[in-house]
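> You'll find query-v5.txt just under this line, and it carries compact mmCIF, C-alpha atoms.
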```
# COMPACT_ATOMS: atom_id res chain seq x y z
CA MET P 283 118.12 -120.35 108.96
CA THR P 284 116.48 -123.52 107.74
CA GLY P 285 116.05 -125.18 104.39
CA PRO P 286 118.50 -126.25 101.74
CA VAL P 287 121.24 -123.99 100.50
CA ALA P 288 122.20 -124.51 96.88
CA GLY P 289 125.79 -123.87 95.96
CA PRO P 290 129.01 -124.10 97.87
CA VAL P 291 129.56 -122.92 101.36
CA VAL P 292 132.65 -120.86 100.76
CA ALA P 293 133.82 -120.79 104.33
CA GLY P 294 132.75 -122.23 107.63
CA VAL P 295 129.60 -121.23 109.39
CA GLY P 296 130.13 -118.19 111.53
CA ASP P 297 128.22 -115.90 113.78
CA GLU P 298 127.97 -112.29 112.70
CA ASP P 299 127.83 -111.23 116.32
CA ARG P 300 131.42 -112.40 116.80
CA GLY P 301 132.35 -109.07 115.30
CA GLU P 302 135.00 -110.27 112.87
CA VAL P 303 133.14 -112.00 110.08
CA ALA P 304 129.74 -111.81 108.48
CA ASP P 305 127.68 -114.65 107.06
CA LEU P 306 125.93 -113.69 103.87
CA VAL P 307 123.44 -115.36 101.61
CA VAL P 308 124.32 -114.32 98.06
CA SER P 309 122.66 -114.82 94.71
CA SER P 310 123.30 -113.52 91.20
CA LEU P 311 120.54 -111.85 89.30
CA ALA P 312 120.89 -110.05 85.97
CA ASP P 313 124.65 -109.50 86.36
CA VAL P 314 124.20 -108.19 89.88
CA VAL P 315 125.29 -110.14 92.94
CA LEU P 316 122.98 -109.49 95.87
CA ALA P 317 123.88 -110.31 99.45
CA PHE P 318 121.67 -110.64 102.51
CA ALA P 319 122.76 -110.96 106.12
CA ALA P 320 122.27 -114.66 106.82
CA GLN P 321 120.51 -114.11 110.13
CA ARG P 322 117.72 -112.28 108.29
CA VAL P 323 117.08 -115.24 105.98
CA GLU P 324 114.70 -117.71 107.57
CA GLU P 325 114.46 -120.17 104.73
CA ILE P 326 115.64 -120.84 101.20
CA VAL P 327 113.19 -122.62 98.93
CA ASP P 328 112.53 -123.32 95.27
CA VAL P 329 109.94 -121.15 93.63
CA ALA P 330 108.12 -124.34 92.63
CA GLN P 331 107.41 -125.14 96.26
CA GLN P 332 104.07 -123.50 96.78
CA GLU P 333 103.54 -124.14 100.44
CA PRO P 334 105.91 -121.51 101.79
CA VAL P 335 104.38 -118.96 99.46
CA ALA P 336 100.95 -119.65 100.85
CA GLU P 337 102.25 -119.03 104.35
CA SER P 338 103.98 -115.87 103.32
CA THR P 339 102.51 -112.42 103.38
CA GLY P 340 103.76 -111.73 99.87
CA VAL P 341 106.26 -112.42 97.11
CA LEU P 342 108.75 -109.91 95.81
CA ASP P 343 110.60 -110.73 92.59
CA LEU P 344 113.84 -108.79 92.72
CA GLN P 345 114.14 -108.93 88.96
CA ASP P 346 111.37 -106.35 88.88
CA LEU P 347 113.80 -104.04 90.66
CA VAL P 348 117.16 -105.12 89.30
CA ALA P 349 116.34 -105.38 85.62
CA PRO P 350 112.87 -103.99 85.02
CA ARG P 351 113.68 -103.07 81.41
CA ALA P 352 114.52 -106.66 80.60
CA GLY P 353 111.05 -107.77 81.56
CA SER P 354 110.25 -110.78 83.64
CA SER P 355 111.82 -114.02 82.47
CA GLY P 356 109.67 -115.98 84.84
CA ALA P 357 110.53 -117.29 88.25
CA LEU P 358 110.65 -120.98 87.39
CA GLY P 359 113.90 -122.57 88.51
CA ARG P 360 114.84 -119.64 90.65
CA ARG P 361 115.12 -119.58 94.40
CA MET P 362 113.27 -117.70 97.07
CA LEU P 363 114.50 -116.38 100.37
CA ARG P 364 112.03 -116.06 103.17
CA VAL P 365 113.20 -112.90 104.88
CA ARG P 366 111.72 -111.03 107.79
CA SER P 367 111.74 -107.33 108.28
CA ARG P 368 110.72 -105.56 111.46
CA ARG P 369 107.07 -105.95 110.48
CA VAL P 370 106.49 -108.75 108.01
CA ALA P 371 107.93 -111.86 106.44
CA THR P 372 108.16 -111.91 102.68
CA HIS P 373 109.41 -114.33 100.07
CA VAL P 374 112.01 -112.65 97.92
CA VAL P 375 112.70 -114.28 94.56
CA VAL P 376 116.39 -114.14 93.69
CA GLY P 377 118.50 -116.00 91.13
CA GLU P 378 118.76 -119.67 90.25
CA SER P 379 121.47 -120.45 92.76
CA VAL P 380 122.09 -119.31 96.26
CA SER P 381 125.34 -119.53 98.18
CA LEU P 382 126.39 -118.95 101.73
CA VAL P 383 129.62 -117.02 102.06
CA GLN P 384 131.55 -115.79 105.03
CA VAL P 385 133.44 -112.54 104.65
CA PRO P 386 135.50 -110.39 106.99
CA LYS P 387 133.73 -107.36 108.36
CA GLY P 388 136.40 -105.26 106.67
CA ALA P 389 135.07 -106.36 103.28
CA ARG P 390 131.97 -104.26 103.87
CA HIS P 391 132.03 -100.74 102.47
CA ALA P 392 129.39 -98.07 102.78
CA LEU P 393 127.89 -97.12 99.44
CA PRO P 394 129.23 -93.70 98.42
CA ALA P 395 126.54 -91.02 98.60
CA PHE P 396 127.15 -90.31 94.93
CA LEU P 397 125.78 -93.77 94.11
CA ALA P 398 123.01 -93.94 96.68
CA SER P 399 120.18 -93.32 94.22
CA LEU P 400 121.06 -96.20 91.95
CA TRP P 401 119.88 -99.07 94.13
CA HIS P 402 117.59 -97.11 96.40
CA GLU P 403 114.57 -99.39 95.88
CA LEU P 404 116.70 -102.41 96.74
CA GLY P 405 117.61 -100.94 100.09
CA VAL P 406 121.30 -101.18 99.27
CA GLN P 407 123.41 -99.04 101.57
CA ALA P 408 126.67 -100.95 101.37
CA PHE P 409 128.55 -103.42 99.24
CA VAL P 410 130.84 -106.29 100.03
CA ARG P 411 134.02 -107.10 98.15
CA TYR P 412 135.46 -110.59 98.41
CA GLY P 413 137.82 -112.07 95.86
CA GLU P 414 136.80 -110.83 92.44
CA THR P 415 133.19 -110.44 93.49
CA VAL P 416 131.41 -107.26 94.44
CA ALA P 417 128.03 -107.94 96.04
CA LEU P 418 125.40 -105.36 96.86
CA LEU P 419 124.38 -105.75 100.48
CA VAL P 420 120.61 -105.56 100.76
CA ASP P 421 119.16 -104.12 103.94
CA VAL P 422 116.02 -106.22 104.40
CA ASP P 423 114.11 -103.57 106.34
CA ALA P 424 114.84 -100.91 103.75
CA LEU P 425 114.07 -103.29 100.90
CA LEU P 426 110.65 -104.29 102.18
CA ASP P 427 109.77 -100.71 103.05
CA ARG P 428 110.74 -99.29 99.68
CA ALA P 429 109.69 -102.18 97.47
CA GLU P 430 106.21 -102.50 98.95
CA PRO P 431 104.50 -101.57 95.64
CA PHE P 432 106.22 -104.53 93.96
CA VAL P 433 105.11 -107.16 96.49
CA ARG P 434 102.50 -109.55 95.11
CA ARG P 435 100.07 -110.81 97.71
CA MET K 122 148.88 -91.74 96.98
CA GLY K 123 149.68 -88.44 95.37
CA GLU K 124 150.09 -84.83 96.28
CA GLN K 125 148.05 -83.23 99.02
CA VAL K 126 145.97 -80.25 98.05
CA PRO K 127 145.12 -77.55 100.60
CA LYS K 128 141.79 -78.51 102.13
CA GLY K 129 139.07 -75.93 102.36
CA ASP K 130 135.78 -75.70 104.14
CA ALA K 131 133.82 -77.49 101.43
CA SER K 132 132.12 -74.28 100.41
CA SER K 133 131.19 -73.70 96.82
CA GLY K 134 134.38 -71.78 96.12
CA PRO K 135 135.25 -68.13 96.27
CA THR K 136 132.54 -65.54 95.84
CA LEU K 137 132.67 -64.26 92.32
CA PRO K 138 132.67 -60.52 91.70
CA ALA K 139 129.32 -59.08 90.71
CA SER K 140 130.89 -56.50 88.46
CA VAL K 141 133.91 -54.70 89.85
CA ALA K 142 134.85 -55.98 93.25
CA GLN K 143 138.19 -56.54 94.89
CA PRO K 144 140.06 -56.52 91.55
CA ALA K 145 143.31 -57.78 93.02
CA GLU K 146 141.81 -60.72 94.91
CA GLU K 147 143.18 -64.10 93.93
CA SER K 148 142.21 -67.64 94.76
CA PRO K 149 144.16 -70.86 94.15
CA LEU K 150 142.73 -72.91 91.33
CA LEU K 151 143.66 -76.53 90.62
CA VAL K 152 143.89 -77.00 86.86
CA LEU K 153 143.15 -80.36 85.25
CA ARG K 154 143.40 -81.46 81.67
CA ILE K 155 140.55 -83.63 80.51
CA GLY K 156 140.22 -84.62 76.87
CA GLY K 157 142.27 -81.66 75.68
CA VAL K 158 140.26 -79.14 77.71
CA LEU K 159 141.55 -77.39 80.80
CA PHE K 160 139.17 -77.45 83.74
CA GLY K 161 139.59 -75.73 87.06
CA VAL K 162 138.56 -76.77 90.55
CA TRP K 163 138.96 -74.33 93.41
CA ALA K 164 141.76 -75.72 95.53
CA GLU K 165 139.70 -75.41 98.69
CA GLN K 166 137.23 -77.90 97.21
CA ALA K 167 139.89 -80.52 96.49
CA GLU K 168 140.96 -82.86 99.24
CA GLU K 169 143.62 -84.91 97.60
CA VAL K 170 145.16 -85.98 94.31
CA LEU K 171 145.53 -89.73 93.93
CA ASP K 172 147.52 -91.77 91.47
CA TRP K 173 145.46 -93.65 88.95
CA HIS K 174 144.64 -97.25 89.72
CA LYS K 175 142.21 -99.45 87.91
CA PRO K 176 138.93 -98.99 89.78
CA THR K 177 136.68 -101.71 91.10
CA PRO K 178 133.60 -101.71 88.87
CA LEU K 179 130.14 -101.88 90.37
CA PRO K 180 127.15 -103.25 88.50
CA ASN K 181 124.77 -101.13 86.47
CA MET K 182 127.07 -98.13 86.37
CA PRO K 183 126.75 -95.56 83.61
CA LYS K 184 129.82 -95.24 81.43
CA HIS K 185 130.94 -92.05 83.11
CA VAL K 186 131.24 -93.85 86.46
CA PRO K 187 134.03 -96.42 85.99
CA GLY K 188 133.83 -97.75 89.54
CA VAL K 189 135.19 -97.05 92.97
CA LEU K 190 138.62 -96.62 94.47
CA PHE K 191 139.43 -97.51 98.05
CA ARG K 192 141.19 -94.88 100.09
CA ARG K 193 141.97 -95.67 103.71
CA GLY K 194 139.11 -98.14 103.78
CA GLU K 195 136.59 -95.77 102.24
CA ALA K 196 135.05 -96.43 98.84
CA ILE K 197 135.18 -93.36 96.65
CA ALA K 198 133.09 -93.25 93.52
CA LEU K 199 134.90 -92.10 90.41
CA LEU K 200 133.47 -89.68 87.90
CA ASP K 201 134.98 -89.71 84.43
CA VAL K 202 134.34 -86.09 83.54
CA GLY K 203 135.59 -86.59 79.99
CA ALA K 204 133.08 -89.35 79.36
CA PHE K 205 130.28 -87.34 80.96
CA PHE K 206 131.01 -84.34 78.75
CA ASN K 207 131.67 -86.54 75.70
CA LEU K 208 135.22 -85.23 75.44
CA GLY K 209 136.85 -88.60 74.92
CA SER K 210 139.91 -89.68 76.88
CA GLY K 211 139.44 -90.10 80.63
CA ALA K 212 139.31 -93.53 82.22
CA GLY K 213 138.09 -95.31 79.13
CA GLU K 214 141.03 -94.60 76.86
CA GLY K 215 144.76 -94.61 77.12
CA ALA K 216 144.91 -96.94 80.10
CA GLY K 217 148.11 -98.91 79.93
CA PHE K 218 149.72 -96.48 77.50
CA ASP K 219 151.78 -93.38 78.12
CA LEU K 220 148.64 -91.31 78.52
CA GLY K 221 147.75 -93.35 81.55
CA SER K 222 150.91 -92.45 83.41
CA PHE K 223 149.70 -88.86 83.78
CA ARG K 224 146.19 -89.80 84.78
CA ARG K 225 145.15 -88.76 88.25
CA VAL K 226 142.10 -88.75 90.47
CA VAL K 227 141.20 -85.51 92.20
CA VAL K 228 139.09 -86.18 95.27
CA VAL K 229 136.51 -83.47 95.87
CA THR K 230 133.71 -83.11 98.37
CA GLN K 231 130.61 -81.15 97.55
CA ALA K 232 126.95 -81.39 98.51
CA GLU K 233 127.81 -84.17 101.00
CA MET K 234 129.26 -86.29 98.22
CA ARG K 235 132.91 -87.30 98.01
CA VAL K 236 133.85 -88.13 94.46
CA GLY K 237 137.08 -88.75 92.57
CA LEU K 238 137.31 -86.79 89.33
CA VAL K 239 139.29 -88.71 86.73
CA CYS K 240 141.55 -86.44 84.72
CA ASP K 241 144.22 -86.98 82.09
CA GLN K 242 146.69 -84.75 83.87
CA VAL K 243 146.90 -82.38 86.81
CA ARG K 244 148.54 -79.23 85.46
CA GLY K 245 149.02 -77.68 88.89
CA VAL K 246 147.70 -74.84 90.98
CA ILE K 247 147.49 -71.32 89.61
CA GLU K 248 146.43 -68.11 91.31
CA ALA K 249 143.22 -67.05 89.63
CA ARG K 250 142.40 -63.35 89.71
CA LEU K 251 138.73 -63.19 90.42
CA ASP K 252 138.27 -60.03 88.39
CA LYS K 253 139.49 -61.90 85.33
CA LEU K 254 136.73 -64.50 85.45
CA LYS K 255 134.25 -64.38 82.61
CA ALA K 256 131.04 -66.07 81.65
CA PRO K 257 131.76 -69.52 80.18
CA ASP K 258 130.84 -68.71 76.60
CA ALA K 259 133.78 -70.65 75.10
CA VAL K 260 132.77 -73.92 76.75
CA GLY K 261 131.03 -76.64 74.79
CA GLN K 262 127.31 -77.11 75.22
CA GLU K 263 127.67 -80.42 77.07
CA ALA K 264 129.77 -78.86 79.80
CA ARG K 265 128.27 -75.39 79.99
CA GLU K 266 125.69 -76.13 82.67
CA CYS K 267 128.43 -77.49 84.92
CA VAL K 268 130.87 -74.62 84.41
CA HIS K 269 130.36 -71.35 86.21
CA ALA K 270 133.17 -69.26 84.80
CA GLN K 271 136.17 -69.30 82.52
CA LEU K 272 139.61 -67.84 83.00
CA ASP K 273 141.93 -66.79 80.21
CA HIS K 274 145.30 -67.67 81.70
CA GLU K 275 148.77 -67.93 80.23
CA ILE K 276 148.49 -71.74 80.32
CA GLY K 277 145.27 -71.53 78.33
CA LEU K 278 141.56 -71.09 78.72
CA VAL K 279 140.42 -72.72 81.94
CA ALA K 280 136.78 -73.71 82.46
CA ILE K 281 136.00 -73.59 86.17
CA LEU K 282 133.72 -76.41 87.25
CA GLN K 283 130.59 -75.81 89.25
CA LEU K 284 130.96 -78.94 91.34
CA THR K 285 127.54 -78.99 92.95
CA GLN K 286 125.89 -78.84 89.55
CA LEU K 287 128.29 -81.38 88.07
CA LEU K 288 127.85 -83.97 90.80
CA GLN K 289 124.10 -83.64 90.82
CA ALA K 290 123.92 -83.92 87.05
CA ALA K 291 126.29 -86.88 86.83
CA ARG K 292 124.90 -88.77 89.79
CA PRO K 293 123.73 -92.23 88.68
CA GLY K 294 119.99 -92.48 88.90
CA GLY K 295 119.68 -88.73 88.43
CA GLU K 296 118.23 -87.02 85.41
CA GLU K 297 121.52 -86.84 83.48
CA GLY K 298 123.20 -89.77 85.11
CA GLU K 299 120.88 -92.44 83.77
CA VAL K 300 122.26 -95.92 83.55
CA THR K 301 123.20 -96.76 80.01
```
Mind converting the file's structure to structure tokens?

Amino acid sequence: MTGPVAGPVVAGVGDEDRGEVADLVVSSLADVVLAFAAQRVEEIVDVAQQEPVAESTGVLDLQDLVAPRAGSSGALGRRMLRVRSRRVATHVVVGESVSLVQVPKGARHALPAFLASLWHELGVQAFVRYGETVALLVDVDALLDRAEPFVRR
Amino acid sequence: MGEQVPKGDASSGPTLPASVAQPAEESPLLVLRIGGVLFGVWAEQAEEVLDWHKPTPLPNMPKHVPGVLFRRGEAIALLDVGAFFNLGSGAGEGAGFDLGSFRRVVVVTQAEMRVGLVCDQVRGVIEARLDKLKAPDAVGQEARECVHAQLDHEIGLVAILQLTQLLQAARPGGEEGEVT
């Protein structure tokens, strides 16, 4: 992962492959905390930086998925994650701040089937609980597959 | 953790009599009180009864889904049946008062979904005579589609839940389970 990370690094840098902890890139958006596996995030940039967008194959504003009824409040001041799925790289617009957190693997819980429909378009199949925070864990492959209609190219 | 309930094969409950069939046949029915109404769940559909603990809320939940409980490392979504049927009570009221001390969570599995039903009180298990089951004409309109029979028992009128229908209807993101 390259590029600046805004916000505190809650714990030390770890390697998810160690099997005990997971590094997550988290951001709040419309009262929802979203988490991405850090190894799937190639870069974190400001929306105002145009160059990475030009290199990207598309931009996906997660607010269109998280709070579509609220309407777009604009992306200015928010951050983008350059994430890569199996097929493509895409810039995903998240909230105004981004943090790197390290959580135990035991903090990850599969999303109950009863709730699976709620965040289907976000590719959420699990959530992570650490401290008082509950973050929805976004599966990048599922997100970019399901949210394809929302990607602006 | 609370009392264990006999675990069944996750079927949809006993086969109801078409008209007159096996009049003496009985099946254990777990009776719950929710908002002043007695509801029944076939005991074979219930896995476990848990004590009430404040659930962990998840974002964007409808009001009838107060959050999740963690049971042996598994997150179990809670369904506040009283809130879903607009009966009052349930997880949203009485917490911290005497009412809350009777509150329980009945874990059921149906249609590949494991859900905790929040109830004000577990009344216990009764033996329900299948030939005494009737169409649920005394049940309120909100609940009728999710009730498949009623039983006039000495403890009162028990509305027997059709769990598959209930879970599908109350599922967030579904037609009835829209986020509020």
> Quick one: contact table of chain K to chain P, 6 Å max, nearest atom pair and distance in Å to one decimal per residue, counting all atoms listed in the file, chain and number order, as a Markdown table?

```
| residue | atom | partner | partner_atom | distance |
| --- | --- | --- | --- | --- |
| K:Pro180 | CA | P:Val314 | CA | 5.9 |
| K:Met234 | CA | P:Ala395 | CA | 5.5 |
| K:Arg292 | CA | P:Phe396 | CA | 5.8 |
| K:Pro293 | CA | P:Leu400 | CA | 5.8 |
| K:Gly294 | CA | P:Leu400 | CA | 4.9 |
```
> Would you please work out which residue, of K:Val228, K:Leu159, K:Leu150, K:Val236, is nearest to Ala291 (chain K) when using only C-alpha atoms?
K:Val236
> Please compute the CA of Pro257 (chain K)-CA of Gln283 (chain K) distance, one decimal, in Å.
11.1 Å
> Please tell me which residues are no farther than 8 Å from (117.9, -114.1, 96.2) in the file, counting only C-alpha atoms, and write them as a list of chain:residue names.
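The residues near that point, listed by chain and number, are P:Val307, P:Val308, P:Ser309, P:Ser310, P:Leu311, P:Leu316, P:Ala317, P:Leu344, P:Arg361, P:Met362, P:Leu363, P:Val374, P:Val375, P:Val376, P:Gly377, P:Val380.
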> Given the selection you just returned, output its residues as a file containing C-alpha atoms, formatted as a PDB file, in the coordinates of the input.

```pdb
ATOM      1  CA  VAL P 307     123.440-115.360 101.610  1.00  0.00           C
ATOM      2  CA  VAL P 308     124.320-114.320  98.060  1.00  0.00           C
ATOM      3  CA  SER P 309     122.660-114.820  94.710  1.00  0.00           C
ATOM      4  CA  SER P 310     123.300-113.520  91.200  1.00  0.00           C
ATOM      5  CA  LEU P 311     120.540-111.850  89.300  1.00  0.00           C
ATOM      6  CA  LEU P 316     122.980-109.490  95.870  1.00  0.00           C
ATOM      7  CA  ALA P 317     123.880-110.310  99.450  1.00  0.00           C
ATOM      8  CA  LEU P 344     113.840-108.790  92.720  1.00  0.00           C
ATOM      9  CA  ARG P 361     115.120-119.580  94.400  1.00  0.00           C
ATOM     10  CA  MET P 362     113.270-117.700  97.070  1.00  0.00           C
ATOM     11  CA  LEU P 363     114.500-116.380 100.370  1.00  0.00           C
ATOM     12  CA  VAL P 374     112.010-112.650  97.920  1.00  0.00           C
ATOM     13  CA  VAL P 375     112.700-114.280  94.560  1.00  0.00           C
ATOM     14  CA  VAL P 376     116.390-114.140  93.690  1.00  0.00           C
ATOM     15  CA  GLY P 377     118.500-116.000  91.130  1.00  0.00           C
ATOM     16  CA  VAL P 380     122.090-119.310  96.260  1.00  0.00           C
TER      17      VAL P 380
END
```
> One decimal, Å: what's the distance from CA of Met182 (chain K) over to CA of Leu358 (chain P), could you say?
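Computing the Euclidean distance for CA of Met182 (chain K) and CA of Leu358 (chain P) yields 28.2 Å.
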> Calculate how many Å separate CA of Asp172 (chain K) from CA of His185 (chain K), rounding to one decimal.
18.6 Å
> Tell me which of K:Leu153, K:Ala196, K:Leu272, K:Val246 sits closest to Val410 (chain P), counting only C-alpha atoms.
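For Val410 (chain P), the nearest of the given residues is K:Ala196.
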